[in-house]
Amino acid sequence: MPKLSTNRRNFLKLGLGGIATAAVAPHLWIPRISRAGMDIPRSRHNHMLLFNLDGGARTVPMFNGDVDAMWNPYGTQSGSPGTEWGVGAVFDNMPYQDTVAMGMAAVPPITAISHEIAVLATIDHTPGASSGVGDHQTARNWIGSGFGEGGPGIISRIYSGHKNYTEGGGGLVFPPAVIGTGQATTPLGIPHGSITPVMVPSHAEFVAQNGDDAGGQPAWARALEAGLDGYAVSSRSNRHKQVISRLANGKANVEAFRNVFLDPALKVEAEPTGSANGLTNAQLAAILGTSQLGRDTALALRFLGYGSAAVCIGDAGNAAASVGGWDTHSGEMTAYPDSAKNLARVLCGVNYALKLMPHPEGGTYWDHTIIGCVTEFGRDNVMDNGYNSGGGSDHTGGPGSRYQAYFVTGGLVTKGGKIFGRTDPSTMDLMPGEPVFGTTALYAMLFAALDIETESFWPGIAPVDVVFG
Amino acid sequence: MQRAAHRVSIGVVLALCACHRDDSGHAGDDGADSGTGGTEASATAGTGDTAATEGADSGDATGDPVDVCSTIEFDNVIDQAACPDIQGIGVNPPPADGVEICRRLYIDLLGESPTDVEYEQHCKYHTADELVDDFMARPEYIRTSQRMWADLFQMNSAVTHYAYIAELDAMVGQVYAGTMTLGQFAGIAATHPGFLGRWDGNDLVAFSFRAFLGREATPAERLALEPLWHLWEERPVADPYQSNAKNVVVDTLNCVAPNEADCHSDFWGDETVLIAPPAPGDQSDPGPNILDQSTLTDQQWGTLRKPGVLIAQQAAFYESYVDRALMRYLGYDAGAALPLVRQALVDLMTQTDGNVRAVDYQILTSILYQSTNRYDETETPDDEDWDPPYLSGPLKQMDAEDWLRSAYKLAGAPKLACDHRYPEVQSGAMGFHPHTYATMPNGSPDYELRDKAQLLGGCPDRVAQFRESRTGLIAALTQATLTAELCAMAGASAPIYPFAVVDDPNDKSEEALWEAVDQVYSAALIRPVMDGATDGVDEGITLCRDDLECTPTEFAVQACRLVLKSADFIYY
């Protein structure tokens with residue numbers, strides 16, 4: 001695997017503790033920016049919000065609904081003017097009213113904001129391969145790392161490659177974060193060397209982890225602890241140094257971000273009056289809903305507000321499914337609609353909330369954020385009625401599970417409402433002449449928006465850029 | 001040539017110096033000694049009173065590594081297999097000293113870190129191999145092994161009938177007690193109701209592969225092999241201790257004509273798993289053609305257990321167990337790094353007809369396992385230049401549950417382990433189903449330990465959470481929060497404060513504070529603060545002495561916290 005071009009040791013000096021104020025780190029790599037990628041609005045001040053639908057979500061009925069009933073048994077509905085993608089009828093189409101009681105406008109449903117959402121309908125982990133990926137582990141490797149064999153998680157790569165953390169100059173910047181415990185979500189936080197992102201199981205568990213004192217300890221205790229841990233690191237092999245350094249780095253970050261952790265705004269459920277970036281927690285609850293996904297997304301917005309470049313939120317969907325929430329091998333017709341509706345509710349809330357959050361670089365967080373999703377695969381092995389014999393759907397790697405429909409939205413996306421990559425409505429095969437978008441190319445796009453070069457570890461992968469320009 | 005070239009870059013295993021800076025520490029004379037290094041150490045490593053470790057002997061290896069190894073006698077099959085990559089290139093990893101090996105075995109086999117008292121009672125006067133014998137004979141070894149399989153099978157009575165889980169778990173216990181072979185176990189487990197009650201359809205193939213073949217089944221394999229499990233289904237059943245209980249049944253109607261092919265697979269040979277309906281034509285459900293698994297005859301079981309039997313015949317079957325055991329005890333993929341070691345253990349399994357204890361024993365008594373993990377290597381950022389992991393002893397992170405239980409024990413409030421079978425105990429009209437959690441006054445299970453361990457990836461629910469070793473900011477924050485609670489709770493009689501630590505609450509002398517931190521450290525780690533860490537401790541003590549708010553008592557409490565969340569304690 002290609003090596004990092006940035007110097008790991010300099011990163012340790014600069015980034016650990018999250019204190020990004022030092023001089024410019026050596027930066028030897030000259031990125032090869034493809035012409036196609038030139039349209040991507042790159043900035044270190046941008047943010048990424050990524051939803052990971054654990055288990056392999058059936059994305060086609062939600063975001064590429066104009067296919068036969070076999071592939072979308074839920075039907076479609078009209079979207080807002082300018083919408084070209086098939087908006088699934090599985091979504092609610094009435095405004096969410098919880099905000100009204102707080103003197104705010106209702107949150108528009110997805111049918112009212114679909115023109116702000118672009119869809120990549122032919123996302124494929126292995127473009128050009130004879131078949132798609134149908135097993136969980138390989139798929140998790142792809143979405144975790146951008147490599148079929150797995151490797152450092154993409155959120156860890158963002159931490160190790162983002163200029164806010166490698167070059168400093170941005171003050172105290174909260175690290176990238178992963179929220180969730182799903183087997184498809186946590187791989188996005190697999191360490192990159194000694195670099196580990198913030199890994200939070202959920203908003204509720206985060207409160208318990210934080211305690212009342214956010215890990216506070218006196219300066220003399222920190223010195224003593226650093227002495228003990230320092231020797232534990234120095235007396236080990238390089239590979240063990242790296243492992244133990246993650247612990248030491250974590251402790252340094254606890255201290256650096258203690259004031260952040262003491263902020264009641266991070267207790268998104270327990271402290272309704274906690275406020276940041278122009279919104280109280282009570283308002284966020286009304287905007288995003290109070291589901292696990294809604295609360296976790298509220299915490300994600302708080303992390304973005306503290307400067308985090310990227311947050312990935314795992315969505316367990318319907319927890320009653322046999323393997324993972326969205327892994328609807330059976331009972332899909334009752335379980336799936338709830339998962340889809342809840343996802344839409346939160347997406348609409350994100351659209352609403354980010355537009356109310358002023359960004360330190362001007363405009364709002366909506367203007368500086370790209371929002372997307374990943375999941376292991378889509379679903380197939382269905383009969384004409386849209387389900388398998390158990391009322392669910394499987395994932396064999398055939399066209400129905402191979403070509404996934406991912407949404408991309410946010411103020412950085414200029415081609416909202418469009419769909420890119422068309423599939424045959426009856427077979428889900430790729431239509432002639434239509435593009436296929438690799439998962440890694442999708443990640444390259446997200447990284448480019450954050451102004452992180454990817455050529456050094458994903459050589460030859462041109463970022464997807466069709467949703468821009 | 002390649003090996004010879006590699007040899008020049010290897011680091012040197014540190015001569016482990018646990019002697020106190022002024023030789024006054026109580027453990028300097030019993031906790032830090034080691035046996036001799038090299039190949040003979042496998043028999044003598046441990047708590048002998050011989051003098052200091054000599055460090056890695058990376059002296060000249062003369063000639064071909066295979067020739068070098070042919071001159072060395074081994075009593076451990078994997079030491080012999082690993083020799084060309086270790087001694088054959090001139091490396092003789094020194095053994096871990098008595099304290100290091102005691103902690104390693106204690107945590108790996110008994111699931112908790114020993115206190116200094118437990119070290120005295122159970123480790124001090126025994127060789128490493130004697131400790132392996134002793135600990136493998138204990139029920140805790142069975143339990144830690146059962147926990148591993150419970151994770152593999154994702155046991156959870158919210159999904160599966162608790163009684164099925166208990167039976168399957170007990171069967172794992174038989175495997176590790178040596179009364180059932182791995183092949184026998186697979187033959188039963190792949191169609192055990194505790195397994196069948198957890199998954200459906202293609203997932204039964206997928207999770208059989210994970211558990212017994214160590215990899216994901218491909219989509220083609222899942223589709224092709226599912227017919228072997230096609231008869232199995234579940235039906236709700238009334239159970240006074242589990243309101244959501246389901247029984248596993250055989251629905252013989254699933255493959256009646258013309259659907260016989262649904263129970264046939266030609267993937268691993270022409271195999272049909274078919275039970276003819278006892279009452280042809282009867283479609284009722286429940287009815288005579290829906291057979292509860294408890295009513296099946298031996299002959300029917302013989303047919304239905306075909307999938308597990310076939311799995312146990314696959315070439316990867318033993319290899320999968322070996323790789324998992326190597327990862328469990330060494331913490332790295334030794335099967336891939338040292339293929340000859342993997343093969344030696346696969347051969348051993350073949351010879352012993354699938355005795356997992358034989359495999360575990362060979363690993364635990366090997367130089368790979370019993371070497372010290374202190375190691376001096378020139379720092380370089382390029383991991384391709386790093387020494388291979390097998391040149392030093394293993395270093396692993398404690399499981400969150402084990403860490404927490406150890407910390408509770410040191411704080412004077414020992415806790416029962418999570419019931420690895422049941423992340424969430426279910427209940428019915430007659431109350432909760434049987435479990436091993438402590439019970440609250442109101443009769444419900446005490447989940448205090450479970451809930452805290454889950455914050456760090458332990459005691460997972462196996463539906464939305466799975467066991468993991470968490471590090472980084474939030475893990476450190478959680479450890480800081482939990483240790484603050486524990487150390488505030490620990491009274492003067494807690495093991496973490498062996499001599500109540502603070503003799504004189506007004507004595508802030510350097511000597512008094514050093515004694516305090518040494519006592520706390522020794523209680524948890526069975527040796528005083530190591531020489532290499534003294535500068536940091538000195539700095540902390542100086543800062544405390546300059547800080548009016550730092551009292552000796554506060555110093556002791558903070559010492560408790562930082563020792564419990566120290567790298568020395570968490571990594572072993």
# chains A, B, ... in the order shown; residues from 1 in each chain; ligands from 1

$ select_by_dssp --residues "stretch 194-425 of chain A" --states "alpha helix (DSSP H)" --output "PyMOL selection string"
chain A and resi 203-210+219-234+238-256+258-261+281-288+292-305+332-354+399-402

$ write_last_selection --atoms "C-alpha atoms" --output "short mmCIF file (atom, residue, chain, number, x, y, z; two decimals), in the first residue's frame"
data_model
loop_
_atom_site.label_atom_id
_atom_site.label_comp_id
_atom_site.auth_asym_id
_atom_site.auth_seq_id
_atom_site.Cartn_x
_atom_site.Cartn_y
_atom_site.Cartn_z
CA HIS A 203 -24.97 10.53 22.16
CA ALA A 204 -26.23 8.90 25.36
CA GLU A 205 -23.14 6.86 26.02
CA PHE A 206 -21.03 9.90 25.30
CA VAL A 207 -22.61 11.62 28.29
CA ALA A 208 -21.65 8.69 30.50
CA GLN A 209 -18.17 8.65 29.06
CA ASN A 210 -17.79 12.34 29.68
CA ALA A 219 -1.19 19.39 36.07
CA TRP A 220 1.07 17.42 38.37
CA ALA A 221 -0.93 14.27 37.80
CA ARG A 222 -0.69 14.74 34.05
CA ALA A 223 3.08 15.09 34.32
CA LEU A 224 3.31 11.97 36.38
CA GLU A 225 1.10 10.06 33.99
CA ALA A 226 3.04 11.24 30.97
CA GLY A 227 6.19 9.95 32.61
CA LEU A 228 4.74 6.51 33.13
CA ASP A 229 3.22 6.25 29.68
CA GLY A 230 6.26 7.74 28.03
CA TYR A 231 8.44 4.94 29.30
CA ALA A 232 5.84 2.36 28.35
CA VAL A 233 6.06 3.66 24.80
CA SER A 234 9.81 4.11 24.59
CA ASN A 238 7.99 0.35 16.87
CA ARG A 239 4.76 -1.46 16.22
CA HIS A 240 3.98 -1.59 19.93
CA LYS A 241 4.99 2.06 20.30
CA GLN A 242 2.33 2.88 17.77
CA VAL A 243 -0.32 0.93 19.66
CA ILE A 244 0.45 2.45 23.04
CA SER A 245 0.78 5.91 21.55
CA ARG A 246 -2.92 5.83 20.74
CA LEU A 247 -3.62 5.71 24.45
CA ALA A 248 -1.17 8.50 25.23
CA ASN A 249 -2.51 10.60 22.36
CA GLY A 250 -6.04 10.10 23.59
CA LYS A 251 -5.10 11.35 27.03
CA ALA A 252 -3.45 14.42 25.54
CA ASN A 253 -6.61 15.13 23.59
CA VAL A 254 -8.77 14.74 26.67
CA GLU A 255 -6.83 17.53 28.26
CA ALA A 256 -6.77 19.69 25.14
CA ARG A 258 -11.64 19.49 28.22
CA ASN A 259 -13.42 22.81 27.83
CA VAL A 260 -15.27 21.41 24.85
CA PHE A 261 -16.38 18.39 26.80
CA ASN A 281 -30.48 21.39 22.12
CA ALA A 282 -34.25 21.61 22.41
CA GLN A 283 -34.38 23.18 18.97
CA LEU A 284 -32.11 20.51 17.56
CA ALA A 285 -34.36 17.85 19.03
CA ALA A 286 -37.37 19.44 17.35
CA ILE A 287 -35.52 19.78 14.06
CA LEU A 288 -33.90 16.36 13.91
CA GLN A 292 -31.27 7.56 18.18
CA LEU A 293 -30.24 8.78 14.74
CA GLY A 294 -31.69 12.21 15.39
CA ARG A 295 -29.86 12.60 18.69
CA ASP A 296 -26.62 11.25 17.30
CA THR A 297 -26.87 13.68 14.42
CA ALA A 298 -27.40 16.50 16.88
CA LEU A 299 -24.15 15.52 18.56
CA ALA A 300 -22.50 15.37 15.15
CA LEU A 301 -23.58 18.94 14.43
CA ARG A 302 -22.09 19.98 17.75
CA PHE A 303 -18.78 18.38 16.79
CA LEU A 304 -18.87 20.17 13.45
CA GLY A 305 -19.50 23.36 15.34
CA GLU A 332 -38.54 -5.99 5.34
CA MET A 333 -42.00 -4.78 4.44
CA THR A 334 -42.66 -3.85 8.05
CA ALA A 335 -39.14 -2.91 9.16
CA TYR A 336 -37.78 -0.98 6.22
CA PRO A 337 -40.29 1.87 5.92
CA ASP A 338 -39.59 2.99 9.47
CA SER A 339 -35.87 3.03 8.81
CA ALA A 340 -36.34 5.00 5.59
CA LYS A 341 -38.72 7.49 7.12
CA ASN A 342 -36.39 8.11 10.03
CA LEU A 343 -33.43 8.63 7.74
CA ALA A 344 -35.44 11.14 5.70
CA ARG A 345 -36.56 12.92 8.81
CA VAL A 346 -32.96 13.41 9.88
CA LEU A 347 -31.81 14.44 6.40
CA CYS A 348 -34.50 17.07 6.29
CA GLY A 349 -33.48 18.21 9.74
CA VAL A 350 -29.84 18.50 8.73
CA ASN A 351 -30.86 20.60 5.74
CA TYR A 352 -32.87 22.82 8.05
CA ALA A 353 -30.40 23.06 10.93
CA LEU A 354 -27.22 23.69 8.98
CA PRO A 399 -27.03 -5.78 -10.18
CA GLY A 400 -29.75 -5.08 -7.66
CA SER A 401 -27.36 -5.08 -4.75
CA ARG A 402 -24.33 -3.95 -6.71
#

$ residues_around --residues "stretch 55-72 of chain A" --least-positions-apart "2" --cutoff "9 Å" --atoms "only C-alpha atoms" --output "NGL selection string"
:A and (53 or 74-77 or 85-91 or 119-121 or 136 or 139 or 182-184 or 316-317 or 323-328 or 336 or 340 or 374-380 or 382-387 or 393 or 395 or 400-401 or 403-407 or 419 or 422-428)

$ write_last_selection --atoms "C-alpha atoms" --output "short mmCIF file (atom, residue, chain, number, x, y, z; two decimals), in the first residue's frame"
data_model
loop_
_atom_site.label_atom_id
_atom_site.label_comp_id
_atom_site.auth_asym_id
_atom_site.auth_seq_id
_atom_site.Cartn_x
_atom_site.Cartn_y
_atom_site.Cartn_z
CA LEU A 53 -26.44 2.71 6.94
CA TYR A 74 -42.85 0.91 -2.33
CA GLY A 75 -43.50 3.15 -5.35
CA THR A 76 -42.51 6.75 -6.00
CA GLN A 77 -43.89 10.19 -5.35
CA TRP A 85 -34.39 11.24 -9.36
CA GLY A 86 -37.18 8.94 -8.33
CA VAL A 87 -38.26 9.95 -4.84
CA GLY A 88 -39.39 6.89 -2.97
CA ALA A 89 -42.96 6.77 -1.76
CA VAL A 90 -41.57 5.09 1.30
CA PHE A 91 -40.72 8.56 2.61
CA VAL A 119 -28.20 11.06 -6.43
CA LEU A 120 -25.37 8.84 -7.63
CA ALA A 121 -27.38 5.80 -8.68
CA HIS A 136 -20.49 -8.04 4.55
CA ALA A 139 -18.13 -4.52 1.69
CA GLY A 182 -22.21 -0.88 14.07
CA GLN A 183 -19.90 -3.36 12.45
CA ALA A 184 -19.94 -1.35 9.27
CA ALA A 316 -28.63 1.08 12.92
CA GLY A 317 -31.99 1.40 11.23
CA VAL A 323 -27.77 -9.10 11.29
CA GLY A 324 -27.77 -5.34 11.23
CA GLY A 325 -30.43 -2.70 11.11
CA TRP A 326 -30.70 -2.27 7.38
CA ASP A 327 -29.89 -5.91 6.65
CA THR A 328 -33.47 -6.82 5.92
CA TYR A 336 -37.78 -0.98 6.22
CA ALA A 340 -36.34 5.00 5.59
CA VAL A 374 -22.50 4.79 2.40
CA THR A 375 -23.75 1.31 3.04
CA GLU A 376 -22.40 -2.16 2.43
CA PHE A 377 -24.55 -2.92 -0.62
CA GLY A 378 -28.07 -2.76 -1.91
CA ARG A 379 -30.50 -5.65 -2.04
CA ASP A 380 -31.45 -8.34 -4.52
CA VAL A 382 -36.13 -10.70 -4.81
CA MET A 383 -39.18 -12.03 -6.57
CA ASP A 384 -41.60 -10.08 -8.74
CA ASN A 385 -43.36 -8.75 -5.67
CA GLY A 386 -40.12 -7.09 -4.54
CA TYR A 387 -39.24 -9.46 -1.74
CA SER A 393 -34.24 -9.08 0.39
CA HIS A 395 -27.32 -9.32 -1.21
CA GLY A 400 -29.75 -5.08 -7.66
CA SER A 401 -27.36 -5.08 -4.75
CA TYR A 403 -25.55 -0.59 -8.04
CA GLN A 404 -26.41 1.48 -5.05
CA ALA A 405 -28.13 4.83 -5.00
CA TYR A 406 -26.36 7.29 -2.72
CA PHE A 407 -27.54 10.79 -2.00
CA ILE A 419 -29.46 11.72 -10.89
CA ARG A 422 -28.94 5.13 -14.83
CA THR A 423 -29.98 1.55 -14.28
CA ASP A 424 -32.32 -0.64 -16.28
CA PRO A 425 -35.71 -0.50 -14.51
CA SER A 426 -36.36 -4.17 -14.96
CA THR A 427 -32.93 -5.73 -14.44
CA MET A 428 -31.01 -3.08 -12.49
#

$ closest_residue --among "A:Gly211, A:Gly193, A:Pro176, A:Pro109" --to "chain B" --atoms "only C-alpha atoms"
A:Gly211

$ closest_residue --among "B:Arg357, B:Arg450, B:Arg215, B:Lys415" --to "chain A" --atoms "only C-alpha atoms"
B:Arg215

$ residues_around --residues "B:Pro288" --least-positions-apart "2" --cutoff "8 Å" --atoms "only C-alpha atoms" --output "PDB file with N, CA and C atoms, in the first residue's frame"
ATOM      1  N   PRO B 277     -41.993 -35.657   5.297  1.00  0.00           N
ATOM      2  CA  PRO B 277     -43.113 -35.325   6.197  1.00  0.00           C
ATOM      3  C   PRO B 277     -43.717 -36.600   6.776  1.00  0.00           C
ATOM      4  N   PRO B 278     -43.864 -36.678   8.089  1.00  0.00           N
ATOM      5  CA  PRO B 278     -44.465 -37.881   8.695  1.00  0.00           C
ATOM      6  C   PRO B 278     -45.921 -38.057   8.297  1.00  0.00           C
ATOM      7  N   ALA B 279     -46.604 -36.964   7.990  1.00  0.00           N
ATOM      8  CA  ALA B 279     -48.026 -37.057   7.612  1.00  0.00           C
ATOM      9  C   ALA B 279     -48.195 -36.394   6.254  1.00  0.00           C
ATOM     10  N   ASP B 282     -50.517 -33.245   4.949  1.00  0.00           N
ATOM     11  CA  ASP B 282     -50.988 -32.382   6.035  1.00  0.00           C
ATOM     12  C   ASP B 282     -50.204 -31.064   5.991  1.00  0.00           C
ATOM     13  N   SER B 284     -50.980 -28.401   8.048  1.00  0.00           N
ATOM     14  CA  SER B 284     -51.258 -27.594   9.241  1.00  0.00           C
ATOM     15  C   SER B 284     -49.975 -27.167   9.945  1.00  0.00           C
ATOM     16  N   PRO B 286     -49.292 -25.149  13.700  1.00  0.00           N
ATOM     17  CA  PRO B 286     -48.548 -26.363  14.013  1.00  0.00           C
ATOM     18  C   PRO B 286     -49.303 -27.605  13.547  1.00  0.00           C
ATOM     19  N   ILE B 290     -44.504 -30.371  11.323  1.00  0.00           N
ATOM     20  CA  ILE B 290     -43.611 -29.351  11.904  1.00  0.00           C
ATOM     21  C   ILE B 290     -43.026 -29.986  13.168  1.00  0.00           C
ATOM     22  N   LEU B 291     -41.748 -30.334  13.117  1.00  0.00           N
ATOM     23  CA  LEU B 291     -41.139 -31.131  14.189  1.00  0.00           C
ATOM     24  C   LEU B 291     -40.278 -30.249  15.096  1.00  0.00           C
TER      25      LEU B 291
END

$ atom_distance --atom1 "atom CA of B:Val341" --atom2 "atom CA of B:Ala325"
11.9 Å

$ residues_around --residues "A:Pro95" --least-positions-apart "5" --cutoff "6 Å" --atoms "only C-alpha atoms" --output "short mmCIF file (atom, residue, chain, number, x, y, z; two decimals) with N, CA and C atoms, in the first residue's frame"
data_model
loop_
_atom_site.label_atom_id
_atom_site.label_comp_id
_atom_site.auth_asym_id
_atom_site.auth_seq_id
_atom_site.Cartn_x
_atom_site.Cartn_y
_atom_site.Cartn_z
N ALA A 106 -42.05 24.87 10.20
CA ALA A 106 -41.99 23.41 10.15
C ALA A 106 -40.80 22.98 9.29
N VAL A 107 -40.31 21.79 9.56
CA VAL A 107 -39.19 21.25 8.77
C VAL A 107 -39.77 20.62 7.50
N PRO A 108 -39.36 21.11 6.33
CA PRO A 108 -39.93 20.57 5.09
C PRO A 108 -39.58 19.10 4.92
N PRO A 109 -40.49 18.35 4.31
CA PRO A 109 -40.22 16.92 4.07
C PRO A 109 -39.26 16.76 2.89
#
